[in-house]
file start.cif (mmCIF, C-alpha atoms and all ligand atoms)
data_my_file
loop_
_atom_site.label_atom_id
_atom_site.label_comp_id
_atom_site.auth_asym_id
_atom_site.auth_seq_id
_atom_site.Cartn_x
_atom_site.Cartn_y
_atom_site.Cartn_z
CA MET B 1 159.44 -42.82 -174.09
CA ASP B 2 158.67 -45.88 -171.97
CA ALA B 3 156.35 -48.47 -173.48
CA HIS B 4 153.77 -47.90 -170.76
CA GLY B 5 154.00 -44.12 -171.13
CA LEU B 6 153.10 -44.29 -174.80
CA VAL B 7 150.15 -46.63 -174.23
CA VAL B 8 148.83 -44.62 -171.26
CA ASP B 9 149.10 -41.41 -173.26
CA LEU B 10 147.12 -42.87 -176.15
CA LEU B 11 144.42 -44.16 -173.78
CA ASN B 12 144.21 -40.67 -172.28
CA THR B 13 143.68 -38.93 -175.63
CA LEU B 14 140.07 -39.41 -174.53
CA ASP B 15 139.48 -37.18 -171.51
CA VAL B 16 136.19 -38.23 -169.92
CA GLU B 17 136.34 -35.58 -167.20
CA ALA B 18 136.88 -32.70 -169.64
CA GLY B 19 134.70 -34.28 -172.33
CA THR B 20 137.41 -33.89 -174.96
CA ASP B 21 138.92 -36.27 -177.49
CA LEU B 22 142.21 -35.40 -179.18
CA LEU B 23 141.30 -37.83 -181.95
CA ASP B 24 138.28 -35.75 -182.94
CA ASP B 25 140.52 -33.30 -184.72
CA ALA B 26 143.29 -33.95 -187.24
CA GLY B 27 145.26 -30.99 -185.88
CA THR B 28 145.29 -32.02 -182.22
CA TRP B 29 146.05 -35.59 -183.24
CA ALA B 30 148.98 -34.44 -185.38
CA THR B 31 150.29 -32.46 -182.40
CA TRP B 32 150.01 -35.52 -180.15
CA CYS B 33 151.89 -37.63 -182.70
CA ALA B 34 154.62 -35.02 -183.10
CA GLU B 35 155.04 -34.86 -179.33
CA HIS B 36 155.38 -38.65 -179.22
CA GLN B 37 157.64 -38.80 -182.29
CA VAL B 38 155.38 -41.10 -184.29
CA ALA B 39 153.76 -40.68 -187.69
CA THR B 40 150.05 -39.91 -187.58
CA GLY B 41 148.97 -42.86 -189.74
CA ASN B 42 145.27 -43.64 -189.87
CA ARG B 43 143.36 -41.61 -187.27
CA MET B 44 140.23 -43.77 -187.44
CA GLN B 45 142.29 -46.90 -186.82
CA ALA B 46 143.97 -45.15 -183.90
CA ARG B 47 140.53 -44.50 -182.41
CA LEU B 48 139.52 -48.14 -182.86
CA VAL B 49 142.74 -49.35 -181.25
CA ARG B 50 142.24 -46.91 -178.37
CA THR B 51 138.62 -47.98 -177.85
CA ARG B 52 139.56 -51.67 -177.75
CA LEU B 53 142.59 -51.15 -175.50
CA ARG B 54 140.63 -48.94 -173.08
CA ALA B 55 137.93 -51.61 -172.87
CA VAL B 56 140.42 -54.40 -172.22
CA VAL B 57 142.37 -52.36 -169.66
CA ALA B 58 139.06 -51.63 -167.91
CA GLY B 59 138.50 -55.38 -167.60
CA ALA B 60 136.33 -56.17 -170.62
CA THR B 61 136.44 -59.81 -171.61
CA TRP B 62 136.53 -59.05 -175.32
CA SER B 63 139.12 -61.12 -177.11
CA GLY B 64 139.81 -62.28 -180.61
CA PRO B 65 141.76 -61.40 -183.71
CA ALA B 66 142.03 -57.66 -184.19
CA GLY B 67 143.58 -57.68 -187.65
CA TRP B 68 146.27 -55.22 -186.60
CA THR B 69 149.87 -55.55 -187.72
CA VAL B 70 153.00 -54.80 -185.75
CA PRO B 71 156.26 -54.53 -187.72
CA VAL B 72 159.34 -56.35 -186.48
CA THR B 73 163.02 -56.00 -187.17
CA VAL B 74 165.34 -58.97 -187.10
CA GLY B 75 168.89 -58.33 -185.97
CA PRO B 76 171.72 -59.55 -183.77
CA GLU B 77 169.61 -58.80 -180.68
CA GLY B 78 166.77 -60.99 -181.96
CA VAL B 79 163.33 -60.04 -183.18
CA VAL B 80 162.16 -56.66 -181.99
CA VAL B 81 158.71 -55.12 -182.41
CA HIS B 82 158.59 -51.47 -183.30
CA GLY B 83 156.37 -49.08 -185.14
CA ARG B 84 156.56 -45.91 -187.15
CA SER B 85 152.93 -44.81 -187.04
CA ALA B 86 151.15 -44.10 -183.76
CA VAL B 87 149.07 -47.26 -183.98
CA GLU B 88 152.08 -49.44 -184.77
CA ALA B 89 154.17 -47.86 -182.03
CA VAL B 90 151.40 -48.25 -179.44
CA LEU B 91 150.75 -51.86 -180.43
CA ALA B 92 154.49 -52.60 -180.32
CA ALA B 93 154.61 -51.07 -176.83
CA ALA B 94 151.56 -53.12 -175.81
CA VAL B 95 153.23 -56.31 -177.05
CA GLN B 96 156.34 -55.40 -175.07
CA LEU B 97 154.28 -54.83 -171.90
CA THR B 98 152.51 -58.15 -172.42
CA VAL B 99 155.80 -60.01 -172.83
CA THR B 100 157.32 -58.46 -169.69
CA GLY B 101 154.15 -59.17 -167.68
CA ASP B 102 153.48 -55.48 -167.10
CA TRP B 103 150.32 -55.24 -169.19
CA ARG B 104 148.17 -55.77 -166.08
CA ARG B 105 149.67 -52.65 -164.55
CA LEU B 106 147.70 -50.60 -167.06
CA LYS B 107 144.44 -49.52 -165.45
CA LEU B 108 141.54 -47.16 -165.84
CA CYS B 109 140.36 -45.17 -162.84
CA PRO B 110 136.94 -46.61 -161.86
CA ALA B 111 135.44 -43.17 -161.11
CA ASP B 112 132.70 -42.63 -163.71
CA ASP B 113 133.58 -38.98 -164.20
CA CYS B 114 137.31 -39.71 -164.53
CA ARG B 115 138.23 -42.97 -166.33
CA HIS B 116 141.81 -41.74 -166.53
CA ALA B 117 144.35 -44.35 -167.64
CA PHE B 118 147.41 -44.88 -165.47
CA TYR B 119 150.28 -47.27 -164.90
CA ASP B 120 150.20 -48.99 -161.52
CA ARG B 121 153.77 -49.04 -160.17
CA SER B 122 152.80 -50.48 -156.80
CA ARG B 123 154.54 -53.74 -155.93
CA ASN B 124 151.43 -55.88 -155.85
CA ARG B 125 149.49 -53.95 -158.48
CA THR B 126 146.95 -52.91 -155.84
CA ARG B 127 146.41 -49.32 -156.92
CA ILE B 128 142.78 -48.66 -157.86
CA TRP B 129 142.32 -44.92 -158.31
CA CYS B 130 144.30 -42.61 -160.56
CA GLU B 131 144.94 -40.17 -157.67
CA MET B 132 144.07 -41.53 -154.25
CA SER B 133 143.79 -38.00 -152.87
CA ASP B 134 141.28 -37.04 -155.52
CA CYS B 135 139.09 -39.74 -157.10
CA GLY B 136 139.48 -42.20 -154.21
CA ASN B 137 138.40 -39.61 -151.66
CA ARG B 138 135.53 -38.35 -153.78
CA ALA B 139 134.27 -41.92 -154.08
CA LYS B 140 134.60 -42.35 -150.32
CA VAL B 141 132.53 -39.23 -149.70
CA ARG B 142 129.92 -40.40 -152.23
CA ARG B 143 129.66 -43.78 -150.52
CA TYR B 144 129.33 -42.06 -147.15
CA ARG B 145 126.57 -39.77 -148.42
CA ALA B 146 124.73 -42.71 -149.94
CA ARG B 147 124.71 -44.39 -146.55
CA HIS B 148 123.96 -41.19 -144.62
CA PRO B 149 121.70 -39.14 -146.90
CA LEU B 150 121.01 -36.44 -144.29
CA SER B 151 124.63 -35.65 -143.55
CA ALA B 152 126.52 -33.15 -145.62
CA ALA B 153 129.92 -34.57 -144.78
CA PRO B 154 131.48 -37.22 -142.58
CA ARG B 155 131.42 -36.19 -138.91
CA ARG B 156 133.97 -37.14 -136.33
CA LEU B 157 132.31 -39.71 -134.16
CA HIS B 158 134.80 -39.51 -131.31
CA THR B 159 136.04 -36.21 -130.04
CA ASN B 160 139.14 -35.64 -128.05
CA GLY B 161 138.81 -35.06 -124.33
CA ARG B 162 135.10 -35.81 -124.03
CA SER B 163 134.50 -37.01 -120.44
CA GLY B 164 138.20 -37.57 -120.25
CA ALA B 165 138.15 -40.53 -122.64
CA GLY B 166 140.98 -41.14 -125.06
CA ALA B 167 140.32 -40.33 -128.69
CA ASP B 168 140.35 -43.96 -129.70
CA GLN B 169 138.37 -45.31 -126.79
CA VAL B 170 135.09 -46.87 -127.87
CA VAL B 171 132.04 -45.53 -126.07
CA THR B 172 129.84 -48.51 -125.33
CA GLY B 173 126.84 -46.71 -123.93
CA THR B 174 127.05 -47.91 -120.34
ZN ZN Y 1 140.44 -40.84 -161.37
#
call {"tool": "encode", "arguments": {"input": "start.cif", "output": "structure tokens"}}
result
Amino acid sequence: MDAHGLVVDLLNTLDVEAGTDLLDDAGTWATWCAEHQVATGNRMQARLVRTRLRAVVAGATWSGPAGWTVPVTVGPEGVVVHGRSAVEAVLAAAVQLTVTGDWRRLKLCPADDCRHAFYDRSRNRTRIWCEMSDCGNRAKVRRYRARHPLSAAPRRLHTNGRSGAGADQVVTGT
């Protein structure tokens, strides 16, 4: 699995929208670890690592020593970080993403009812929402309703063919 895939998947073990947390239960956590081919390790530490990483990815300014260890192997190819347990593997992947400059592509959707983690593959790292067709549009509708409390939904302000004007022609009220 890609480094970013492993980190994103750990961040999404907390599902804000569904109100579920795979780390609440030893069984669901064991299943997650088996699917990702890592040893379960310490579940409470996994939760702490997830909490901190989610906060940082969401833009928190927390920083400082975390007291976590990442194993390395030394070989002909140099020094490589890796991990056997979930926490070690995720931290190793996070180190890798930091080194390659891709850490900042990890993001959390800003929608309060979503907070889904995703990897921004756009060239300039400009993606904001997890699914533009879903969360982005819902936010747009919410903003519209906040500005226009009496309207149920956005209305089309210009209609085709009215008094022969083009659809994009601005009506100035003359
Ligand atoms: Zn979202």
call {"tool": "residues_near_ligand", "arguments": {"input": "start.cif", "ligand": "ligand ZN 1 (chain Y)", "cutoff": "9 Å", "atoms": "only C-alpha atoms and all ligand atoms", "output": "list of chain:residue names"}}
result
B:Glu17, B:Leu108, B:Cys109, B:Pro110, B:Ala111, B:Asp112, B:Asp113, B:Cys114, B:Arg115, B:His116, B:Ala117, B:Ile128, B:Trp129, B:Cys130, B:Glu131, B:Met132, B:Asp134, B:Cys135, B:Gly136
call {"tool": "closest_residue", "arguments": {"input": "start.cif", "among": "B:Thr40, B:Arg50, B:His82, B:Arg121", "to": "Asp9 (chain B)", "atoms": "only C-alpha atoms"}}
result
B:Arg50
call {"tool": "closest_residue", "arguments": {"input": "start.cif", "among": "B:Val57, B:Gly78, B:Glu88, B:Gly83", "to": "Gln45 (chain B)", "atoms": "all atoms listed in the file"}}
result
B:Glu88
call {"tool": "closest_residue", "arguments": {"input": "start.cif", "among": "B:Pro65, B:His148, B:Arg105, B:Arg142", "to": "Arg127 (chain B)", "atoms": "only C-alpha atoms"}}
result
B:Arg105
call {"tool": "atom_distance", "arguments": {"input": "start.cif", "atom1": "CA of Pro71 (chain B)", "atom2": "CA of Phe118 (chain B)"}}
result
25.8 Å
call {"tool": "residues_near_point", "arguments": {"input": "start.cif", "point": "(150.6, -52.4, -161.2)", "cutoff": "10 Å", "atoms": "only C-alpha atoms", "output": "PDB file with C-alpha atoms, in the coordinates of the input"}}
result
ATOM      1  CA  ASP B 102     153.480 -55.480-167.100  1.00  0.00           C
ATOM      2  CA  TRP B 103     150.320 -55.240-169.190  1.00  0.00           C
ATOM      3  CA  ARG B 104     148.170 -55.770-166.080  1.00  0.00           C
ATOM      4  CA  ARG B 105     149.670 -52.650-164.550  1.00  0.00           C
ATOM      5  CA  LEU B 106     147.700 -50.600-167.060  1.00  0.00           C
ATOM      6  CA  LYS B 107     144.440 -49.520-165.450  1.00  0.00           C
ATOM      7  CA  PHE B 118     147.410 -44.880-165.470  1.00  0.00           C
ATOM      8  CA  TYR B 119     150.280 -47.270-164.900  1.00  0.00           C
ATOM      9  CA  ASP B 120     150.200 -48.990-161.520  1.00  0.00           C
ATOM     10  CA  ARG B 121     153.770 -49.040-160.170  1.00  0.00           C
ATOM     11  CA  SER B 122     152.800 -50.480-156.800  1.00  0.00           C
ATOM     12  CA  ARG B 123     154.540 -53.740-155.930  1.00  0.00           C
ATOM     13  CA  ASN B 124     151.430 -55.880-155.850  1.00  0.00           C
ATOM     14  CA  ARG B 125     149.490 -53.950-158.480  1.00  0.00           C
ATOM     15  CA  THR B 126     146.950 -52.910-155.840  1.00  0.00           C
ATOM     16  CA  ARG B 127     146.410 -49.320-156.920  1.00  0.00           C
ATOM     17  CA  ILE B 128     142.780 -48.660-157.860  1.00  0.00           C
TER      18      ILE B 128
END
call {"tool": "atom_distance", "arguments": {"input": "start.cif", "atom1": "CA of Val87 (chain B)", "atom2": "CA of Gly64 (chain B)"}}
result
18.0 Å
call {"tool": "atom_distance", "arguments": {"input": "start.cif", "atom1": "CA of Gly41 (chain B)", "atom2": "CA of Asp25 (chain B)"}}
result
13.7 Å
call {"tool": "residues_around", "arguments": {"input": "start.cif", "residues": "Leu22 (chain B)", "least_positions_apart": "4", "cutoff": "9 Å", "atoms": "all atoms listed in the file", "output": "ChimeraX atom specification"}}
result
/B:12-15,26-29,32
call {"tool": "axis_aligned_box", "arguments": {"input": "start.cif", "around": "region 11-30 of chain B", "padding_each_side": "4 Å", "output": "lines of an AutoDock Vina configuration file"}}
result
center_x = 141.8
center_y = -37.6
center_z = -177.2
size_x = 22.3
size_y = 21.2
size_z = 28.0
call {"tool": "closest_residue", "arguments": {"input": "start.cif", "among": "B:Ala39, B:Ala93, B:Leu6, B:Ala66", "to": "Arg52 (chain B)", "atoms": "all atoms listed in the file"}}
result
B:Ala66
call {"tool": "closest_residue", "arguments": {"input": "start.cif", "among": "B:Cys33, B:Leu10, B:Val81, B:Leu97", "to": "Arg54 (chain B)", "atoms": "only C-alpha atoms"}}
result
B:Leu10
call {"tool": "closest_residue", "arguments": {"input": "start.cif", "among": "B:Val74, B:Ala30, B:Leu11, B:Val80", "to": "Arg47 (chain B)", "atoms": "all atoms listed in the file"}}
result
B:Leu11
